[in-house]
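*Asks:* This is protein33.txt, which holds compact mmCIF, C-alpha atoms:
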```
# COMPACT_ATOMS: atom_id res chain seq x y z
CA MET A 1 56.43 54.97 1.25
CA ARG A 2 59.16 53.58 -0.99
CA ASP A 3 62.19 55.08 -2.69
CA VAL A 4 64.89 53.59 -4.88
CA LEU A 5 68.55 54.51 -4.54
CA ASP A 6 70.61 54.10 -7.70
CA LEU A 7 74.29 53.60 -6.88
CA GLY A 8 75.76 52.72 -10.26
CA GLU A 9 74.95 49.05 -10.87
CA LEU A 10 73.42 48.72 -7.41
CA HIS A 11 69.72 49.49 -6.96
CA VAL A 12 68.48 49.70 -3.38
CA GLU A 13 64.82 49.60 -2.41
CA VAL A 14 64.09 51.85 0.59
CA THR A 15 60.98 51.34 2.76
CA ARG A 16 60.00 53.74 5.55
CA LYS A 17 58.60 52.17 8.72
CA ALA A 18 57.82 53.05 12.32
CA ILE A 19 61.17 51.70 13.56
CA LYS A 20 64.13 53.17 15.44
CA HIS A 21 67.09 51.89 13.43
CA VAL A 22 68.07 51.39 9.79
CA HIS A 23 68.00 47.72 8.71
CA LEU A 24 69.91 46.56 5.64
CA SER A 25 69.05 43.24 3.96
CA VAL A 26 70.58 41.37 1.03
CA LEU A 27 67.89 39.01 -0.20
CA PRO A 28 68.10 35.64 -1.97
CA PRO A 29 68.30 34.32 -4.53
CA ASP A 30 70.30 36.96 -6.44
CA GLY A 31 71.22 39.53 -3.79
CA LYS A 32 68.53 42.19 -4.08
CA VAL A 33 69.25 44.97 -1.56
CA ARG A 34 66.52 46.38 0.65
CA VAL A 35 66.69 48.99 3.41
CA ALA A 36 64.04 49.58 6.08
CA ALA A 37 64.50 52.99 7.70
CA PRO A 38 62.72 55.19 10.26
CA GLN A 39 60.21 57.48 8.58
CA SER A 40 62.13 60.64 9.43
CA THR A 41 65.52 59.50 8.06
CA PRO A 42 66.66 61.67 5.10
CA LEU A 43 67.30 59.77 1.88
CA GLU A 44 70.83 61.19 1.70
CA THR A 45 71.60 59.74 5.16
CA ILE A 46 70.41 56.33 3.93
CA ARG A 47 72.54 56.70 0.80
CA LEU A 48 75.67 57.35 2.87
CA PHE A 49 74.83 54.40 5.14
CA VAL A 50 74.48 52.05 2.16
CA ILE A 51 77.74 53.33 0.62
CA SER A 52 79.52 52.59 3.91
CA LYS A 53 78.26 48.99 3.67
CA LEU A 54 79.11 48.36 0.01
CA ALA A 55 81.92 45.87 0.74
CA TRP A 56 79.60 43.85 3.01
CA ILE A 57 76.78 43.99 0.45
CA LYS A 58 79.03 42.67 -2.33
CA SER A 59 80.29 39.90 -0.05
CA GLN A 60 76.73 38.83 0.82
CA GLN A 61 75.69 38.91 -2.83
CA ARG A 62 78.58 36.64 -3.81
CA LYS A 63 77.61 34.16 -1.09
CA LEU A 64 73.97 34.07 -2.21
CA GLN A 65 74.80 33.69 -5.88
CA THR A 66 77.17 30.78 -5.26
CA GLN A 67 75.22 29.00 -2.50
CA GLU A 68 74.08 25.51 -3.38
CA ARG A 69 70.31 25.04 -3.55
CA GLU A 70 68.26 21.93 -3.13
CA THR A 71 66.64 20.52 -6.21
CA PRO A 72 62.84 21.01 -6.20
CA ARG A 73 61.16 18.29 -4.19
CA GLU A 74 58.69 16.14 -6.16
CA PHE A 75 57.66 13.86 -3.27
CA LEU A 76 58.52 10.60 -4.98
CA ASN A 77 59.60 7.41 -3.28
CA LYS A 78 63.36 7.21 -2.56
CA GLU A 79 63.73 11.00 -2.82
CA SER A 80 66.25 12.41 -0.32
CA HIS A 81 64.99 14.37 2.68
CA TYR A 82 66.90 15.48 5.77
CA LEU A 83 66.36 15.69 9.52
CA TRP A 84 69.00 17.25 11.78
CA GLY A 85 71.61 16.88 9.06
CA LYS A 86 70.96 13.18 8.41
CA ARG A 87 69.72 11.93 5.04
CA TYR A 88 66.60 9.76 4.77
CA LEU A 89 64.86 8.23 1.75
CA LEU A 90 61.21 9.14 1.38
CA ASP A 91 58.72 6.26 1.63
CA ILE A 92 55.16 7.43 0.86
CA ARG A 93 52.32 5.24 2.07
CA PHE A 94 48.69 5.89 1.17
CA VAL A 95 46.46 4.90 4.10
CA ASP A 96 42.89 5.85 4.94
CA ALA A 97 43.94 7.38 8.26
CA ALA A 98 45.27 10.66 9.60
CA PRO A 99 48.54 11.85 8.00
CA ALA A 100 51.62 10.86 9.96
CA ILE A 101 55.40 10.66 9.68
CA SER A 102 57.73 8.07 11.19
CA LEU A 103 61.44 7.33 10.86
CA THR A 104 63.45 4.18 10.39
CA PRO A 105 67.25 4.23 10.37
CA ARG A 106 67.22 4.98 6.62
CA LYS A 107 63.67 6.00 5.67
CA LEU A 108 61.29 8.85 6.32
CA GLN A 109 57.88 7.23 6.06
CA LEU A 110 55.15 9.67 5.06
CA GLN A 111 51.60 8.41 5.57
CA VAL A 112 48.90 10.33 3.67
CA ARG A 113 45.36 9.56 2.60
CA PRO A 114 44.72 7.98 -0.84
CA GLY A 115 44.68 10.63 -3.54
CA ALA A 116 46.89 13.08 -1.64
CA ASP A 117 48.86 15.20 -4.10
CA GLN A 118 52.33 16.77 -3.91
CA THR A 119 50.98 19.92 -2.22
CA LYS A 120 49.39 17.87 0.55
CA CYS A 121 52.55 15.82 1.07
CA GLU A 122 54.60 18.99 1.34
CA GLU A 123 52.10 20.49 3.79
CA VAL A 124 52.29 17.45 6.06
CA LEU A 125 56.10 17.34 5.95
CA ASP A 126 56.44 21.08 6.61
CA GLY A 127 54.15 20.78 9.63
CA TRP A 128 56.27 17.92 10.92
CA TYR A 129 59.50 19.89 10.45
CA ARG A 130 57.93 22.83 12.29
CA GLN A 131 57.10 20.58 15.22
CA GLN A 132 60.64 19.17 15.27
CA VAL A 133 62.00 22.68 15.78
CA ARG A 134 59.37 23.49 18.41
CA ASP A 135 60.28 20.35 20.35
CA ALA A 136 64.03 21.10 20.17
CA VAL A 137 63.81 24.73 21.29
CA PRO A 138 62.71 24.51 25.00
CA PRO A 139 65.93 22.85 26.31
CA LEU A 140 68.01 25.34 24.34
CA LEU A 141 66.05 28.24 25.84
CA ALA A 142 66.41 26.79 29.33
CA LYS A 143 70.17 26.66 28.86
CA TRP A 144 70.84 29.96 27.09
CA GLU A 145 68.29 32.28 28.69
CA SER A 146 69.88 31.45 32.03
CA LEU A 147 73.43 31.98 30.76
CA LEU A 148 72.60 35.26 29.00
CA GLY A 149 70.23 36.62 31.62
CA VAL A 150 67.45 37.27 29.07
CA ARG A 151 64.01 35.88 28.35
CA ALA A 152 62.20 35.52 25.03
CA ASN A 153 58.54 36.39 25.36
CA LYS A 154 57.42 34.21 22.46
CA ILE A 155 58.98 31.87 19.89
CA PHE A 156 57.48 31.52 16.42
CA VAL A 157 58.54 28.74 14.02
CA GLN A 158 57.65 29.43 10.40
CA ARG A 159 58.77 29.28 6.78
CA MET A 160 61.26 32.10 6.17
CA LYS A 161 62.70 32.79 2.73
CA THR A 162 65.40 35.30 3.61
CA LYS A 163 66.56 34.51 7.17
CA TRP A 164 67.31 31.61 9.48
CA GLY A 165 65.91 33.61 12.37
CA SER A 166 64.95 37.06 13.56
CA CYS A 167 64.41 38.91 16.82
CA THR A 168 62.20 41.87 17.65
CA ALA A 169 64.04 43.18 20.70
CA GLY A 170 61.26 45.52 21.81
CA SER A 171 58.66 42.76 22.12
CA GLY A 172 61.02 39.89 22.91
CA TYR A 173 59.61 37.89 19.97
CA ILE A 174 61.94 35.47 18.19
CA ARG A 175 61.19 33.77 14.87
CA LEU A 176 62.95 30.62 13.68
CA ASN A 177 63.01 29.10 10.21
CA THR A 178 61.25 25.74 9.92
CA ASP A 179 64.07 24.48 7.68
CA LEU A 180 66.49 24.52 10.63
CA ALA A 181 65.09 21.03 11.37
CA LYS A 182 66.93 19.83 8.25
CA LYS A 183 70.32 21.11 9.41
CA PRO A 184 72.69 19.71 12.06
CA PRO A 185 71.43 20.42 15.62
CA GLU A 186 74.31 22.77 16.39
CA CYS A 187 73.03 25.10 13.67
CA LEU A 188 69.71 25.52 15.50
CA GLU A 189 71.57 26.21 18.73
CA TYR A 190 73.67 28.89 17.02
CA ILE A 191 70.57 30.65 15.68
CA VAL A 192 68.83 30.50 19.07
CA VAL A 193 71.88 32.05 20.75
CA HIS A 194 72.20 34.65 17.99
CA GLU A 195 68.61 35.79 18.41
CA LEU A 196 68.75 35.76 22.22
CA VAL A 197 71.87 37.94 22.13
CA HIS A 198 69.82 40.43 20.13
CA LEU A 199 67.75 40.92 23.29
CA LEU A 200 70.94 42.39 24.77
CA GLU A 201 72.13 44.14 21.61
CA PRO A 202 69.62 44.68 18.76
CA THR A 203 72.20 45.41 16.05
CA HIS A 204 75.19 43.52 14.64
CA ASN A 205 77.69 46.01 16.04
CA GLU A 206 80.98 45.39 17.85
CA ARG A 207 79.19 44.78 21.15
CA PHE A 208 77.08 42.06 19.54
CA VAL A 209 80.24 40.39 18.20
CA ARG A 210 81.90 40.59 21.62
CA LEU A 211 78.89 38.99 23.28
CA MET A 212 78.80 36.17 20.73
CA ASP A 213 82.55 35.63 21.14
CA LEU A 214 82.11 35.48 24.91
CA TYR A 215 79.18 33.07 25.08
CA LEU A 216 79.64 30.98 21.92
CA PRO A 217 83.30 31.30 20.86
CA HIS A 218 82.92 29.09 17.77
CA TRP A 219 79.82 30.90 16.50
CA GLN A 220 81.46 32.11 13.29
CA HIS A 221 82.36 28.53 12.40
CA LEU A 222 78.73 27.51 12.98
CA ARG A 223 77.50 30.42 10.89
CA ALA A 224 79.77 29.40 8.02
CA GLN A 225 78.63 25.77 8.35
CA LEU A 226 74.97 26.76 8.17
CA ASN A 227 75.43 29.19 5.30
CA ASN A 228 77.39 26.65 3.26
CA LEU A 229 74.66 24.02 3.45
CA PRO A 230 72.14 23.78 0.59
CA VAL A 231 69.02 25.86 1.11
CA ARG A 232 65.47 25.10 0.06
CA HIS A 233 64.57 25.61 -3.58
CA GLU A 234 62.02 28.43 -3.77
CA ASP A 235 60.12 30.31 -6.42
CA TRP A 236 61.09 33.74 -5.13
CA HIS A 237 58.58 36.59 -5.17
CA TYR A 238 59.21 40.01 -3.67
```
Step by step, read the file and then write its structure as structure tokens.
*Replies:*
Amino acid sequence: MRDVLDLGELHVEVTRKAIKHVHLSVLPPDGKVRVAAPQSTPLETIRLFVISKLAWIKSQQRKLQTQERETPREFLNKESHYLWGKRYLLDIRFVDAAPAISLTPRKLQLQVRPGADQTKCEEVLDGWYRQQVRDAVPPLLAKWESLLGVRANKIFVQRMKTKWGSCTAGSGYIRLNTDLAKKPPECLEYIVVHELVHLLEPTHNERFVRLMDLYLPHWQHLRAQLNNLPVRHEDWHY
């Protein structure tokens, strides 16, 4: 069931779900506002909640509308690609063998079969980025689960258009954005800590902030660093 709240120039899409708390999202690329609410929550209660968050919503919309975006990738030789914040030049090689990726100090060498098109190249590279994140996560979990006294039941790494990560506290499932492999390593660590802290506090309330301040005092600097980096060009569909 969906409703739309009209608050002057702000239009808010409301979706009812079998959840316990109200979740407010400001979505890229232009700041569309969406609320997910428990099925029994009155629309007027949601309206008052959104009004109380108007300053935050406007701030998030400004950030999204001014954030730099990557140019669309065409998968041409000497095109720039990134791994852990370092720039590499793409070197595509057509070989009658299984697709593979290797690095030199300056190049990201993408091996694909003869006739492979842009879609196939992107598929191979995305799979490689996903594996980079998967390989980097276990030592971070070993460190931070022990410090925080929590345990994630499962980690998913996937393409995410609207978030760098998410946590479902009830199930202990954490999802991480594949594109974190393109950003400096400390950005991945920040997101891992952020989502693990949600196992202690599901919302972004004052307790969540206190926990982040306690365990990762420079987290707001890392958040700003991540959010100021260019994000993937997407054709956005809602």
*Asks:* Please build the interface table for region 153-186 of chain A against region 75-99 of chain A with a cut-off of 10 Å, listing for each qualifying residue the nearest atom pair and the distance in Å to one decimal; count all atoms listed in the file, order rows by chain and increasing number, and write it as CSV.
*Replies:*
```
residue,atom,partner,partner_atom,distance
A:Asp179,CA,A:Leu83,CA,9.3
A:Leu180,CA,A:Trp84,CA,7.8
A:Ala181,CA,A:Trp84,CA,5.5
A:Lys182,CA,A:Leu83,CA,4.4
A:Lys183,CA,A:Gly85,CA,4.4
A:Pro184,CA,A:Gly85,CA,4.3
A:Pro185,CA,A:Trp84,CA,5.5
A:Glu186,CA,A:Trp84,CA,8.9
```
*Asks:* Out of A:Cys187, A:Met212, A:Val197, A:Ala116, which residue has the shortest atom-to-atom distance to Asn228 (chain A) when counting all atoms listed in the file?
*Replies:*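 Under the stated criterion, the closest residue is A:Cys187.
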*Asks:* To one decimal place, how far is CA of Thr203 (chain A) from CA of Val22 (chain A) in Å?
*Replies:* 9.6 Å
*Asks:* Can you work out the spacing between CA of Val35 (chain A) and CA of Asp213 (chain A) in Å, to one decimal?
*Replies:* 27.3 Å
*Asks:* Once you count all atoms listed in the file, what closest atom pair and distance in Å to one decimal does each residue of region 156-230 of chain A within 8 Å of region 145-150 of chain A have, with rows by chain and rising residue number, as a tab-separated table?
*Replies:*
```
residue	atom	partner	partner_atom	distance
A:Leu196	CA	A:Val150	CA	7.1
A:Val197	CA	A:Leu148	CA	7.4
A:Leu199	CA	A:Val150	CA	6.8
A:Leu200	CA	A:Val150	CA	7.5
A:Tyr215	CA	A:Leu148	CA	8.0
```
*Asks:* Is there a way to get, as a ChimeraX atom specification, all residues within 6 Å of the point (54.8, 11.3, 9.0) in file coordinates, counting all atoms listed in the file?
*Replies:* /A:100-102,109-111
*Asks:* Within 10 Å of (75.9, 45.0, -1.9) in the file's own coordinates, which protein, DNA or RNA residues have an atom, counting only C-alpha atoms? List them as a list of chain:residue names.
*Replies:* A:Glu9, A:Leu10, A:His11, A:Val12, A:Leu24, A:Ser25, A:Val26, A:Gly31, A:Lys32, A:Val33, A:Arg34, A:Val50, A:Ile51, A:Lys53, A:Leu54, A:Ala55, A:Trp56, A:Ile57, A:Lys58, A:Ser59, A:Gln60, A:Gln61, A:Arg62
*Asks:* Tell me, in Å to one decimal, how far CA of Leu216 (chain A) is from CA of Gly170 (chain A).
*Replies:*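 Distance between the two atoms: 23.4 Å.
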*Asks:* Would you mind listing what lies within 6 Å of Ala36 (chain A) as a ChimeraX atom specification, with all atoms listed in the file counted and same-chain residues fewer than 3 positions away left out?
*Replies:* /A:14-16,22-23
*Asks:* Using all atoms listed in the file, can you tell me which of A:Arg151, A:Lys63, A:Arg159, A:Arg223 comes closest to His198 (chain A)?
*Replies:* A:Arg151
*Asks:* With a distance cut-off of 6 Å and only C-alpha atoms, select the neighbouring residues of Gly172 (chain A), excluding the residue or stretch itself and same-chain residues fewer than 3 positions from it, and output the selection as a compact mmCIF listing (two decimals) with C-alpha atoms, keeping the file's coordinate frame.
*Replies:*
```txt
# COMPACT_ATOMS: atom_id res chain seq x y z
CA ALA A 152 62.20 35.52 25.03
CA ASN A 153 58.54 36.39 25.36
CA THR A 168 62.20 41.87 17.65
CA ALA A 169 64.04 43.18 20.70
```
*Asks:* Could you tell me which of A:Glu206, A:Gln39, A:Val157, A:Tyr190 comes closest to Ala224 (chain A) if we count only C-alpha atoms?
*Replies:* A:Tyr190
*Asks:* Which residue is closest to Val192 (chain A)? Choose from A:Lys20, A:Lys143, A:Arg73, A:Arg207 and count only C-alpha atoms.
*Replies:*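 Answer, going by the shortest atom-to-atom distance: A:Lys143.
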